[in-house]
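Next up, target-v4.cif (mmCIF, C-alpha atoms and all ligand atoms):
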```
data_target
#
loop_
_atom_site.label_atom_id
_atom_site.label_comp_id
_atom_site.auth_asym_id
_atom_site.auth_seq_id
_atom_site.Cartn_x
_atom_site.Cartn_y
_atom_site.Cartn_z
CA MET A 1 179.26 -28.43 11.13
CA ASN A 2 178.61 -32.07 11.86
CA ILE A 3 176.31 -34.18 9.69
CA TRP A 4 173.56 -34.31 12.30
CA GLU A 5 173.24 -30.53 12.04
CA GLN A 6 172.96 -30.57 8.27
CA LEU A 7 169.94 -32.86 8.06
CA PRO A 8 166.39 -31.63 7.37
CA THR A 9 163.71 -31.65 10.06
CA PRO A 10 162.48 -34.22 10.45
CA PHE A 11 165.13 -36.44 8.90
CA THR A 12 164.73 -40.08 7.91
CA VAL A 13 167.15 -42.93 8.66
CA LEU A 14 167.45 -46.55 7.57
CA ALA A 15 168.03 -48.59 10.73
CA PRO A 16 171.21 -50.61 10.99
CA MET A 17 170.27 -54.27 10.54
CA GLU A 18 172.84 -57.01 10.80
CA GLY A 19 172.77 -59.28 7.75
CA VAL A 20 170.39 -56.90 5.96
CA THR A 21 171.62 -53.32 5.54
CA ASP A 22 174.96 -54.23 4.02
CA VAL A 23 176.71 -52.44 1.18
CA VAL A 24 174.49 -54.15 -1.43
CA PHE A 25 171.09 -53.69 0.21
CA ARG A 26 171.79 -50.02 0.92
CA GLN A 27 172.25 -49.56 -2.82
CA ILE A 28 168.84 -51.15 -3.39
CA ILE A 29 167.25 -48.70 -0.97
CA ALA A 30 169.17 -45.81 -2.53
CA HIS A 31 167.78 -46.87 -5.90
CA ALA A 32 164.19 -47.11 -4.59
CA GLY A 33 164.43 -43.86 -2.64
CA ARG A 34 167.05 -43.15 -0.04
CA PRO A 35 166.55 -41.90 3.49
CA ASP A 36 168.45 -38.79 4.60
CA LEU A 37 170.94 -40.95 6.46
CA PHE A 38 172.27 -44.50 6.22
CA PHE A 39 173.85 -46.58 8.98
CA THR A 40 176.06 -49.63 8.42
CA GLU A 41 175.33 -52.94 10.12
CA PHE A 42 177.18 -53.03 13.40
CA THR A 43 180.89 -53.91 13.45
CA ASN A 44 182.69 -55.27 16.48
CA VAL A 45 185.45 -52.99 17.73
CA SER A 46 187.57 -55.86 19.02
CA SER A 47 187.39 -57.57 15.63
CA TYR A 48 188.63 -54.36 14.08
CA ALA A 49 191.41 -54.15 16.66
CA SER A 50 192.63 -57.71 16.01
CA ASP A 51 194.76 -58.81 13.09
CA LYS A 52 192.51 -61.80 12.64
CA GLY A 53 189.22 -59.92 12.54
CA ARG A 54 190.12 -56.71 10.76
CA ALA A 55 189.55 -57.93 7.20
CA ASN A 56 186.02 -59.00 8.11
CA ALA A 57 185.37 -55.75 9.97
CA LEU A 58 186.53 -53.73 6.97
CA GLU A 59 184.30 -55.73 4.69
CA ARG A 60 181.31 -54.67 6.77
CA LEU A 61 182.54 -51.10 6.59
CA GLN A 62 182.55 -50.85 2.80
CA VAL A 63 180.92 -47.67 1.52
CA ALA A 64 179.09 -47.57 -1.82
CA PRO A 65 179.04 -44.40 -3.96
CA THR A 66 175.33 -43.96 -3.11
CA ASP A 67 175.86 -44.31 0.65
CA PRO A 68 177.07 -40.90 1.87
CA PRO A 69 176.10 -39.50 4.23
CA ILE A 70 176.55 -42.71 6.20
CA ILE A 71 177.25 -43.47 9.85
CA ALA A 72 179.37 -46.45 10.90
CA GLN A 73 177.87 -48.35 13.78
CA ILE A 74 180.19 -50.16 16.18
CA TRP A 75 179.77 -52.34 19.24
CA GLY A 76 181.91 -54.05 21.86
CA LYS A 77 182.93 -53.62 25.46
CA ASN A 78 186.61 -52.77 25.35
CA PRO A 79 187.13 -49.00 25.73
CA GLU A 80 190.58 -49.06 24.04
CA HIS A 81 189.16 -50.88 21.06
CA PHE A 82 186.35 -48.30 20.78
CA ALA A 83 189.05 -45.64 20.56
CA GLU A 84 191.08 -47.55 17.97
CA CYS A 85 188.11 -48.32 15.76
CA ALA A 86 186.55 -44.84 16.00
CA ALA A 87 189.90 -43.30 15.06
CA ALA A 88 189.98 -45.29 11.82
CA LEU A 89 186.46 -44.49 10.64
CA GLN A 90 187.03 -40.96 9.41
CA SER A 91 189.51 -42.03 6.76
CA LEU A 92 187.06 -44.71 5.61
CA GLY A 93 184.52 -42.14 4.42
CA PHE A 94 182.03 -42.04 7.28
CA ALA A 95 180.19 -38.96 8.45
CA GLY A 96 179.83 -40.19 12.01
CA VAL A 97 180.25 -43.01 14.47
CA ASP A 98 177.34 -44.64 16.26
CA LEU A 99 177.70 -46.82 19.35
CA ASN A 100 175.30 -49.73 19.67
CA PHE A 101 174.11 -49.98 23.27
CA GLY A 102 170.85 -51.78 22.48
CA CYS A 103 171.36 -55.07 20.66
CA PRO A 104 169.49 -57.87 22.52
CA ASP A 105 171.31 -60.79 20.87
CA LYS A 106 172.44 -63.22 23.54
CA HIS A 107 175.91 -63.73 22.06
CA VAL A 108 176.44 -59.98 21.86
CA ASN A 109 175.17 -59.50 25.43
CA LYS A 110 177.25 -62.39 26.75
CA ALA A 111 180.28 -60.65 25.26
CA GLY A 112 179.27 -57.57 27.30
CA GLY A 113 178.13 -55.52 24.31
CA GLY A 114 174.90 -54.09 22.89
CA ALA A 115 172.10 -53.93 25.46
CA ALA A 116 174.43 -55.37 28.14
CA MET A 117 175.80 -51.82 28.34
CA ILE A 118 172.52 -50.82 30.02
CA LYS A 119 173.67 -52.90 32.96
CA THR A 120 177.18 -51.41 32.98
CA PRO A 121 176.53 -47.67 32.52
CA ASP A 122 180.00 -46.64 33.74
CA LEU A 123 181.58 -48.84 31.07
CA ALA A 124 179.18 -47.44 28.46
CA VAL A 125 180.25 -43.91 29.35
CA GLU A 126 183.94 -44.89 29.25
CA CYS A 127 183.50 -46.44 25.78
CA TYR A 128 181.66 -43.33 24.59
CA ARG A 129 184.37 -41.01 25.95
CA ASN A 130 187.12 -43.10 24.40
CA ALA A 131 185.39 -43.01 21.03
CA THR A 132 184.82 -39.24 21.12
CA SER A 133 188.34 -38.46 22.24
CA SER A 134 189.88 -40.40 19.36
CA THR A 135 187.92 -39.00 16.42
CA ALA A 136 186.81 -35.68 15.04
CA LEU A 137 183.62 -37.33 13.77
CA PRO A 138 180.38 -36.76 15.67
CA VAL A 139 179.60 -39.70 17.95
CA SER A 140 176.01 -40.84 18.47
CA ILE A 141 174.35 -43.64 20.42
CA LYS A 142 171.57 -46.08 19.58
CA THR A 143 169.89 -47.83 22.47
CA ARG A 144 166.68 -49.11 24.04
CA LEU A 145 164.58 -47.79 26.94
CA GLY A 146 166.21 -50.12 29.44
CA TRP A 147 166.88 -53.76 30.19
CA SER A 148 163.54 -54.96 31.57
CA ASP A 149 161.36 -52.04 32.66
CA PRO A 150 160.48 -49.25 30.20
CA GLU A 151 160.72 -46.74 33.09
CA GLU A 152 164.47 -47.40 33.27
CA TYR A 153 164.71 -44.83 30.47
CA GLN A 154 164.68 -42.12 33.15
CA THR A 155 168.10 -43.06 34.50
CA TRP A 156 169.64 -44.83 31.51
CA LEU A 157 168.87 -42.20 28.88
CA ALA A 158 169.75 -39.46 31.38
CA THR A 159 173.19 -41.06 31.87
CA LEU A 160 173.76 -41.06 28.12
CA LEU A 161 172.42 -37.54 27.57
CA GLN A 162 174.80 -36.21 30.20
CA GLU A 163 177.59 -37.08 27.76
CA HIS A 164 175.95 -34.85 25.10
CA PRO A 165 176.12 -37.28 22.19
CA ALA A 166 175.57 -35.78 18.74
CA ALA A 167 172.43 -37.90 18.43
CA LEU A 168 170.54 -40.43 20.47
CA THR A 169 168.40 -43.04 18.74
CA VAL A 170 165.87 -44.64 21.05
CA HIS A 171 164.28 -47.92 20.05
CA LEU A 172 161.15 -47.59 22.18
CA ARG A 173 161.35 -51.00 23.85
CA THR A 174 163.42 -52.71 26.53
CA LYS A 175 165.93 -55.45 25.86
CA LYS A 176 163.56 -58.02 27.39
CA GLU A 177 160.70 -56.89 25.18
CA MET A 178 162.81 -57.64 22.10
CA SER A 179 160.39 -56.67 19.29
CA LYS A 180 157.47 -58.58 20.74
CA VAL A 181 155.35 -55.72 22.13
CA PRO A 182 154.28 -52.47 20.50
CA ALA A 183 156.88 -49.70 20.80
CA HIS A 184 156.24 -47.37 23.77
CA TYR A 185 155.19 -44.21 21.94
CA GLU A 186 153.47 -43.01 25.11
CA LEU A 187 156.97 -42.24 26.48
CA VAL A 188 158.09 -40.02 23.60
CA PRO A 189 156.94 -36.71 25.19
CA GLU A 190 158.85 -37.53 28.39
CA ILE A 191 161.96 -38.57 26.46
CA ILE A 192 161.80 -35.29 24.54
CA ASN A 193 161.59 -33.42 27.87
CA LEU A 194 164.59 -35.31 29.20
CA ARG A 195 166.60 -34.46 26.08
CA ASN A 196 165.52 -30.79 26.29
CA GLN A 197 166.53 -30.56 29.94
CA ILE A 198 169.86 -32.39 29.81
CA SER A 199 171.23 -32.02 26.30
CA PRO A 200 169.17 -29.83 23.96
CA THR A 201 171.84 -30.06 21.25
CA THR A 202 171.50 -33.85 20.99
CA LYS A 203 169.37 -34.86 18.01
CA LEU A 204 166.67 -37.28 19.10
CA VAL A 205 165.85 -40.12 16.71
CA ILE A 206 162.75 -42.19 17.33
CA ASN A 207 162.69 -45.86 16.31
CA GLY A 208 160.19 -48.71 16.55
CA ASP A 209 157.38 -49.97 14.28
CA ILE A 210 157.55 -47.06 11.83
CA LYS A 211 156.14 -48.15 8.49
CA ASN A 212 156.81 -45.49 5.89
CA LEU A 213 157.12 -41.82 5.02
CA ALA A 214 153.42 -41.11 5.60
CA HIS A 215 153.76 -42.61 9.07
CA ILE A 216 156.80 -40.40 9.69
CA HIS A 217 154.78 -37.30 8.73
CA GLU A 218 152.09 -38.40 11.19
CA LEU A 219 154.62 -38.90 13.97
CA HIS A 220 156.29 -35.59 13.22
CA THR A 221 152.95 -33.81 13.60
CA LYS A 222 152.43 -35.55 16.92
CA TYR A 223 156.01 -35.12 18.22
CA PRO A 224 157.41 -32.06 16.42
CA GLU A 225 160.42 -31.87 18.74
CA ALA A 226 161.71 -35.30 17.72
CA ASP A 227 164.40 -34.61 15.12
CA GLY A 228 164.52 -37.83 13.15
CA PHE A 229 162.70 -41.09 12.54
CA MET A 230 164.34 -44.43 11.81
CA ILE A 231 162.75 -47.29 9.88
CA GLY A 232 163.98 -50.86 10.22
CA ARG A 233 161.68 -53.75 9.33
CA GLY A 234 159.40 -51.43 7.35
CA VAL A 235 161.77 -51.92 4.39
CA PHE A 236 160.80 -55.59 4.28
CA THR A 237 157.19 -54.63 3.53
CA ASN A 238 158.09 -51.81 1.21
CA PRO A 239 161.63 -51.00 0.04
CA TYR A 240 160.18 -47.70 -1.25
CA CYS A 241 159.14 -46.77 2.31
CA PHE A 242 161.24 -43.58 2.33
CA THR A 243 159.20 -42.24 -0.60
CA ASP A 244 155.56 -41.68 -1.53
CA ILE A 245 155.94 -44.13 -4.42
CA ARG A 246 153.67 -47.16 -4.49
CA PRO A 247 155.87 -49.66 -6.27
CA THR A 248 154.47 -51.77 -9.08
CA ARG A 249 155.28 -55.43 -9.64
CA ASP A 250 157.68 -54.26 -12.33
CA ASP A 251 159.46 -51.85 -9.94
CA LEU A 252 159.97 -54.66 -7.43
CA MET A 253 161.13 -57.13 -10.07
CA LYS A 254 163.71 -54.56 -11.21
CA LEU A 255 164.93 -54.23 -7.62
CA LEU A 256 165.32 -58.02 -7.39
CA LYS A 257 167.40 -58.05 -10.57
CA LEU A 258 169.51 -55.17 -9.29
CA HIS A 259 170.03 -57.04 -6.02
CA LEU A 260 171.17 -60.17 -7.86
CA ARG A 261 173.48 -58.17 -10.11
CA LEU A 262 175.08 -56.29 -7.23
CA TYR A 263 175.46 -59.45 -5.16
CA GLU A 264 177.22 -61.09 -8.08
CA GLU A 265 179.44 -58.07 -8.65
CA TYR A 266 180.56 -57.97 -5.02
CA GLU A 267 180.85 -61.75 -4.73
CA ASN A 268 183.01 -61.94 -7.85
CA SER A 269 185.31 -59.18 -6.78
CA ALA A 270 185.68 -60.98 -3.43
CA SER A 271 187.28 -63.92 -5.19
CA ARG A 272 189.73 -61.72 -7.08
CA SER A 273 192.81 -60.33 -5.46
CA ILE A 274 191.94 -57.46 -3.21
CA PHE A 275 195.50 -56.41 -2.70
CA ALA A 276 197.32 -53.77 -4.66
CA ASP A 277 200.38 -56.02 -4.62
CA GLY A 278 198.46 -58.79 -6.38
CA ALA A 279 198.44 -61.38 -3.60
CA ASN A 280 195.72 -63.72 -4.77
CA THR A 281 193.66 -65.08 -1.93
CA LYS A 282 189.95 -65.50 -1.43
CA ARG A 283 190.22 -65.28 2.35
CA PRO A 284 192.50 -62.30 2.69
CA SER A 285 195.26 -62.48 5.22
CA PRO A 286 194.98 -59.65 7.69
CA VAL A 287 196.96 -56.51 7.10
CA THR A 288 197.58 -53.72 9.49
CA THR A 289 196.45 -50.79 7.40
CA GLY A 290 192.84 -50.55 6.33
CA ALA A 291 193.31 -48.31 3.31
CA ARG A 292 195.04 -50.89 1.14
CA GLU A 293 192.31 -53.41 1.79
CA ARG A 294 189.45 -51.12 0.95
CA SER A 295 190.45 -50.43 -2.60
CA GLU A 296 188.10 -53.08 -4.02
CA LYS A 297 184.59 -54.30 -3.37
CA ARG A 298 184.41 -57.43 -1.30
CA TYR A 299 181.54 -59.64 -0.31
CA SER A 300 182.92 -62.85 1.04
CA HIS A 301 181.07 -63.09 4.36
CA ILE A 302 177.54 -63.21 2.92
CA PRO A 303 176.52 -66.71 1.83
CA TYR A 304 174.10 -67.03 -1.09
CA ASP A 305 171.44 -68.48 1.25
CA ASN A 306 171.32 -65.13 3.02
CA LEU A 307 170.27 -63.50 -0.21
CA LYS A 308 167.14 -65.67 -0.23
CA HIS A 309 165.78 -63.77 2.79
CA PHE A 310 165.27 -60.82 0.48
CA PHE A 311 163.19 -62.58 -2.17
CA LYS A 312 159.96 -62.09 -0.23
CA ILE A 313 160.47 -58.32 -0.34
CA TYR A 314 160.39 -58.29 -4.12
CA ILE A 315 158.19 -61.24 -5.04
CA ASN A 316 154.99 -60.84 -3.16
CA ASN A 317 151.32 -60.12 -3.66
CA PHE A 318 150.91 -60.95 -7.32
CA PRO A 319 149.48 -64.04 -9.03
CA GLY A 320 152.16 -66.72 -9.20
CA ALA A 321 154.41 -64.95 -6.64
CA ALA A 322 154.45 -67.83 -4.15
CA ASP A 323 155.33 -70.32 -6.89
CA LEU A 324 158.13 -68.18 -8.33
CA ARG A 325 159.50 -67.53 -4.86
CA ALA A 326 159.47 -71.25 -4.01
CA LYS A 327 161.53 -71.94 -7.14
CA LEU A 328 164.00 -69.20 -6.30
CA MET A 329 164.35 -70.57 -2.76
CA GLU A 330 165.68 -73.81 -4.26
CA THR A 331 168.51 -72.08 -6.09
CA HIS A 332 172.13 -72.19 -4.95
CA SER A 333 173.66 -69.37 -6.94
CA VAL A 334 172.85 -66.14 -8.73
CA GLN A 335 173.21 -67.99 -12.04
CA GLU A 336 170.54 -70.48 -10.97
CA ALA A 337 168.28 -67.61 -9.90
CA TYR A 338 168.71 -66.02 -13.33
CA ALA A 339 167.73 -69.35 -14.96
CA VAL A 340 164.53 -69.48 -12.87
CA LEU A 341 163.66 -65.90 -13.80
CA LYS A 342 164.32 -66.63 -17.46
CA GLN A 343 162.06 -69.67 -17.39
CA ALA A 344 159.33 -67.52 -15.77
CA GLY A 345 159.69 -64.98 -18.59
CA GLU A 346 161.08 -62.33 -16.24
CA LEU A 347 164.43 -61.97 -18.00
C1 LIG B 401 167.50 -58.44 11.25
C2 LIG B 401 167.78 -57.30 12.18
C3 LIG B 401 169.09 -56.92 12.43
C4 LIG B 401 169.36 -55.84 13.30
N1 LIG B 401 170.66 -55.43 13.47
C5 LIG B 401 170.92 -54.29 14.18
C6 LIG B 401 172.23 -53.74 14.23
O1 LIG B 401 173.20 -54.25 13.64
N2 LIG B 401 172.40 -52.60 14.96
C7 LIG B 401 171.35 -52.00 15.63
O2 LIG B 401 171.55 -50.96 16.27
N3 LIG B 401 170.12 -52.50 15.58
C8 LIG B 401 169.87 -53.61 14.85
N4 LIG B 401 168.58 -54.05 14.74
C9 LIG B 401 167.49 -53.29 15.35
C10 LIG B 401 166.94 -52.24 14.36
O3 LIG B 401 167.94 -51.29 14.04
C11 LIG B 401 165.73 -51.50 14.96
O4 LIG B 401 166.14 -50.85 16.14
C12 LIG B 401 164.59 -52.45 15.28
O5 LIG B 401 164.33 -53.35 14.22
C13 LIG B 401 163.29 -51.65 15.58
O6 LIG B 401 162.92 -50.86 14.49
P1 LIG B 401 161.71 -51.33 13.49
O7 LIG B 401 160.51 -51.60 14.37
O8 LIG B 401 161.54 -50.17 12.57
O9 LIG B 401 162.19 -52.58 12.83
C14 LIG B 401 168.29 -55.15 13.92
C15 LIG B 401 166.97 -55.54 13.66
C16 LIG B 401 166.70 -56.59 12.80
C17 LIG B 401 165.27 -56.97 12.52
#
```
Let me see the file written as structure tokens.
Amino acid sequence: MNIWEQLPTPFTVLAPMEGVTDVVFRQIIAHAGRPDLFFTEFTNVSSYASDKGRANALERLQVAPTDPPIIAQIWGKNPEHFAECAAALQSLGFAGVDLNFGCPDKHVNKAGGGAAMIKTPDLAVECYRNATSSTALPVSIKTRLGWSDPEEYQTWLATLLQEHPAALTVHLRTKKEMSKVPAHYELVPEIINLRNQISPTTKLVINGDIKNLAHIHELHTKYPEADGFMIGRGVFTNPYCFTDIRPTRDDLMKLLKLHLRLYEEYENSASRSIFADGANTKRPSPVTTGARERSEKRYSHIPYDNLKHFFKIYINNFPGAADLRAKLMETHSVQEAYAVLKQAGEL
């Protein structure tokens, strides 16, 4: 039985978010209250397929003990590379493979990937077929309604459903709409009909502007035939969004400290040798087998400044929060952040 068939109804999912839902942040969410399913940030299949890019790809594909069940999300435009990357994912501990056909980033689209696939449906289908034929894992797809007109969903989603993916996540906007307009919930009943007609076994996951578990319950009442609900930016407002818990200041401060500790742990292990044979290099030279590389935690591609984006999640809405956050934003290392917290009496 594949993972999509083992999930409750409705099931909850943390959206893949590049630069956010990495191996450390997923552990924060697991600590606060995990969804039924995690996704990784997306990983480029051609990076994985190249000697030069594989170490970085594998770093993105690290799995923490609290992650499973977790789906690896991949993107690209080269069908052979989809096959090669999908084939490797099972041995890396993933429960499924998800193909990103919805990212609106201009660099990704220029490279022919993400939402650009909406414009090349034959290529999208070829990439999907290559991925499915090379792995025993269930293969799912995450996409948008279309490129510019929400009504494109009728042909685009139909094309994808004809391949009978294990699951289809629909971010209820077009590529052109980015995240600037409200998600098109008015189309959910028609999308459910389309799924029921073409591929009733495909799990349908709804995504766009979902805030928290209470909101998911509301949506489930309204659309009982949607199987799952995915939350992305809602975690920025409330990292406990997959639970009924209303976090206190203390809960959030503990999450911040956990985040700093885990960042440090992964960052430090990145500077140690990651090779069983003891080769000591911070920027690992590429190797051809993934297994040897995955034996240790690594966190070399996330600069400390990226960590600062998370501070607002934890330090918000209490007297002195803005001041404390401003001080933390001036720091350049975890050690400096600890010093600021100590001075503020938080450590
Ligand atoms: C910072 C950021 C990074 C994202 N990275 C990815 C990604 O790697 N893969 C993907 O499929 N979608 C990505 N998305 C889109 C989200 O998965 C989700 O579809 C979108 O944010 C809408 O859901 P929301 O309204 O709940 O945030 C990203 C979104 C954000 C805000």
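Using all atoms listed in the file, the protein and nucleic acid residues lying no more than 6 Å from segment 159-172 of chain A, apart from those fewer than 4 places from it along its own chain, are A:Pro138, A:Val139, A:Ser140, A:Ile141, A:Lys142, A:Thr143, A:Arg144, A:Leu145, A:Ala183, A:His184, A:Ser199, A:Thr202, A:Lys203, A:Leu204, A:Val205, A:Ile206, A:Asn207, A:Gly208.
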Could you write out the selected residues, including C-alpha atoms, as a PDB file, in the coordinates of the input?
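Listed below is the output, part-v7.pdb:
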```
ATOM      1  CA  PRO A 138     180.380 -36.760  15.670  1.00  0.00           C
ATOM      2  CA  VAL A 139     179.600 -39.700  17.950  1.00  0.00           C
ATOM      3  CA  SER A 140     176.010 -40.840  18.470  1.00  0.00           C
ATOM      4  CA  ILE A 141     174.350 -43.640  20.420  1.00  0.00           C
ATOM      5  CA  LYS A 142     171.570 -46.080  19.580  1.00  0.00           C
ATOM      6  CA  THR A 143     169.890 -47.830  22.470  1.00  0.00           C
ATOM      7  CA  ARG A 144     166.680 -49.110  24.040  1.00  0.00           C
ATOM      8  CA  LEU A 145     164.580 -47.790  26.940  1.00  0.00           C
ATOM      9  CA  ALA A 183     156.880 -49.700  20.800  1.00  0.00           C
ATOM     10  CA  HIS A 184     156.240 -47.370  23.770  1.00  0.00           C
ATOM     11  CA  SER A 199     171.230 -32.020  26.300  1.00  0.00           C
ATOM     12  CA  THR A 202     171.500 -33.850  20.990  1.00  0.00           C
ATOM     13  CA  LYS A 203     169.370 -34.860  18.010  1.00  0.00           C
ATOM     14  CA  LEU A 204     166.670 -37.280  19.100  1.00  0.00           C
ATOM     15  CA  VAL A 205     165.850 -40.120  16.710  1.00  0.00           C
ATOM     16  CA  ILE A 206     162.750 -42.190  17.330  1.00  0.00           C
ATOM     17  CA  ASN A 207     162.690 -45.860  16.310  1.00  0.00           C
ATOM     18  CA  GLY A 208     160.190 -48.710  16.550  1.00  0.00           C
TER      19      GLY A 208
END
```
May I have a table of the residues of chain A lying at most 7 Å from ligand LIG 401 (chain B), giving each one's closest pair of atoms and their distance in Å to one decimal, counting all atoms listed in the file, ordered by chain and ascending residue number, as CSV?
```
residue,atom,partner,partner_atom,distance
A:Ala15,CA,B:LIG401,O3,4.3
A:Pro16,CA,B:LIG401,O3,4.5
A:Met17,CA,B:LIG401,N1,3.2
A:Glu18,CA,B:LIG401,N1,3.8
A:Gly19,CA,B:LIG401,C1,6.4
A:Val20,CA,B:LIG401,C1,6.2
A:Glu41,CA,B:LIG401,O1,4.3
A:Phe42,CA,B:LIG401,O1,4.2
A:Asn100,CA,B:LIG401,O2,5.2
A:Gly102,CA,B:LIG401,O2,6.3
A:Cys103,CA,B:LIG401,N3,5.8
A:Lys142,CA,B:LIG401,O2,5.9
A:His171,CA,B:LIG401,O4,5.2
A:Ser179,CA,B:LIG401,C13,6.9
A:Asn207,CA,B:LIG401,O6,5.3
A:Gly208,CA,B:LIG401,O7,3.6
A:Asp209,CA,B:LIG401,O7,3.5
A:Ile210,CA,B:LIG401,O8,5.1
A:Met230,CA,B:LIG401,O8,6.4
A:Ile231,CA,B:LIG401,O8,4.1
A:Gly232,CA,B:LIG401,O8,3.5
A:Arg233,CA,B:LIG401,O9,3.7
A:Gly234,CA,B:LIG401,O8,5.8
```
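Among the candidates A:Met253, A:Met329, A:Leu14, A:Leu341, the one nearest to Ile315 of chain A when counting only C-alpha atoms is A:Met253.
The space between atom CA of Leu92 of chain A and atom CA of Ile71 of chain A spans 10.8 Å.
The coordinates place atom CA of Ala64 of chain A at 29.0 Å from atom CA of Arg129 of chain A.
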Write out as a VMD selection string which residues come within 7 Å of Ala95 of chain A when counting all atoms listed in the file, dropping same-chain ones fewer than 4 positions away.
-> chain A and resid 3 69 to 71 137
Test item: write segment 137-195 of chain A with C-alpha atoms as a PDB file, in the first residue's frame:
```
ATOM      1  CA  LEU A 137       7.604   4.786  -4.940  1.00  0.00           C
ATOM      2  CA  PRO A 138       4.260   6.481  -5.579  1.00  0.00           C
ATOM      3  CA  VAL A 139       4.677   9.543  -7.794  1.00  0.00           C
ATOM      4  CA  SER A 140       2.556  12.643  -7.219  1.00  0.00           C
ATOM      5  CA  ILE A 141       2.359  16.077  -8.816  1.00  0.00           C
ATOM      6  CA  LYS A 142       2.049  19.583  -7.384  1.00  0.00           C
ATOM      7  CA  THR A 143       0.899  22.299  -9.734  1.00  0.00           C
ATOM      8  CA  ARG A 144      -1.215  25.403 -10.282  1.00  0.00           C
ATOM      9  CA  LEU A 145      -4.499  25.925 -12.145  1.00  0.00           C
ATOM     10  CA  GLY A 146      -2.756  27.098 -15.290  1.00  0.00           C
ATOM     11  CA  TRP A 147      -0.348  29.679 -16.643  1.00  0.00           C
ATOM     12  CA  SER A 148      -2.539  32.783 -16.959  1.00  0.00           C
ATOM     13  CA  ASP A 149      -6.239  31.876 -16.919  1.00  0.00           C
ATOM     14  CA  PRO A 150      -7.724  29.897 -14.004  1.00  0.00           C
ATOM     15  CA  GLU A 151      -9.998  28.091 -16.498  1.00  0.00           C
ATOM     16  CA  GLU A 152      -6.918  26.402 -17.986  1.00  0.00           C
ATOM     17  CA  TYR A 153      -7.338  23.894 -15.157  1.00  0.00           C
ATOM     18  CA  GLN A 154      -9.857  22.061 -17.343  1.00  0.00           C
ATOM     19  CA  THR A 155      -7.247  20.931 -19.847  1.00  0.00           C
ATOM     20  CA  TRP A 156      -4.073  21.083 -17.764  1.00  0.00           C
ATOM     21  CA  LEU A 157      -5.331  19.149 -14.743  1.00  0.00           C
ATOM     22  CA  ALA A 158      -7.141  16.724 -17.064  1.00  0.00           C
ATOM     23  CA  THR A 159      -3.834  16.014 -18.849  1.00  0.00           C
ATOM     24  CA  LEU A 160      -2.168  15.250 -15.525  1.00  0.00           C
ATOM     25  CA  LEU A 161      -5.065  13.180 -14.158  1.00  0.00           C
ATOM     26  CA  GLN A 162      -4.986  11.005 -17.268  1.00  0.00           C
ATOM     27  CA  GLU A 163      -1.613   9.765 -16.001  1.00  0.00           C
ATOM     28  CA  HIS A 164      -3.255   8.659 -12.716  1.00  0.00           C
ATOM     29  CA  PRO A 165      -0.717  10.169 -10.324  1.00  0.00           C
ATOM     30  CA  ALA A 166      -0.864   8.911  -6.740  1.00  0.00           C
ATOM     31  CA  ALA A 167      -1.800  12.419  -5.652  1.00  0.00           C
ATOM     32  CA  LEU A 168      -2.357  15.794  -7.224  1.00  0.00           C
ATOM     33  CA  THR A 169      -1.801  18.952  -5.193  1.00  0.00           C
ATOM     34  CA  VAL A 170      -3.467  21.984  -6.696  1.00  0.00           C
ATOM     35  CA  HIS A 171      -2.348  25.434  -5.611  1.00  0.00           C
ATOM     36  CA  LEU A 172      -5.543  27.270  -6.532  1.00  0.00           C
ATOM     37  CA  ARG A 173      -3.928  30.049  -8.544  1.00  0.00           C
ATOM     38  CA  THR A 174      -2.290  30.491 -11.945  1.00  0.00           C
ATOM     39  CA  LYS A 175       1.397  31.105 -12.464  1.00  0.00           C
ATOM     40  CA  LYS A 176       0.687  34.727 -13.402  1.00  0.00           C
ATOM     41  CA  GLU A 177      -1.346  35.283 -10.252  1.00  0.00           C
ATOM     42  CA  MET A 178       1.669  34.270  -8.153  1.00  0.00           C
ATOM     43  CA  SER A 179       0.257  34.623  -4.616  1.00  0.00           C
ATOM     44  CA  LYS A 180      -1.235  38.042  -5.221  1.00  0.00           C
ATOM     45  CA  VAL A 181      -4.942  37.188  -5.483  1.00  0.00           C
ATOM     46  CA  PRO A 182      -7.119  35.048  -3.229  1.00  0.00           C
ATOM     47  CA  ALA A 183      -6.962  31.337  -4.060  1.00  0.00           C
ATOM     48  CA  HIS A 184      -9.799  30.194  -6.356  1.00  0.00           C
ATOM     49  CA  TYR A 185     -11.836  28.095  -3.932  1.00  0.00           C
ATOM     50  CA  GLU A 186     -14.868  28.520  -6.188  1.00  0.00           C
ATOM     51  CA  LEU A 187     -13.224  25.984  -8.552  1.00  0.00           C
ATOM     52  CA  VAL A 188     -12.758  23.231  -5.970  1.00  0.00           C
ATOM     53  CA  PRO A 189     -16.095  21.455  -6.694  1.00  0.00           C
ATOM     54  CA  GLU A 190     -15.270  21.336 -10.420  1.00  0.00           C
ATOM     55  CA  ILE A 191     -11.736  20.095  -9.763  1.00  0.00           C
ATOM     56  CA  ILE A 192     -13.162  17.360  -7.539  1.00  0.00           C
ATOM     57  CA  ASN A 193     -15.539  16.374 -10.371  1.00  0.00           C
ATOM     58  CA  LEU A 194     -12.662  16.244 -12.828  1.00  0.00           C
ATOM     59  CA  ARG A 195     -10.656  14.022 -10.480  1.00  0.00           C
TER      60      ARG A 195
END
```
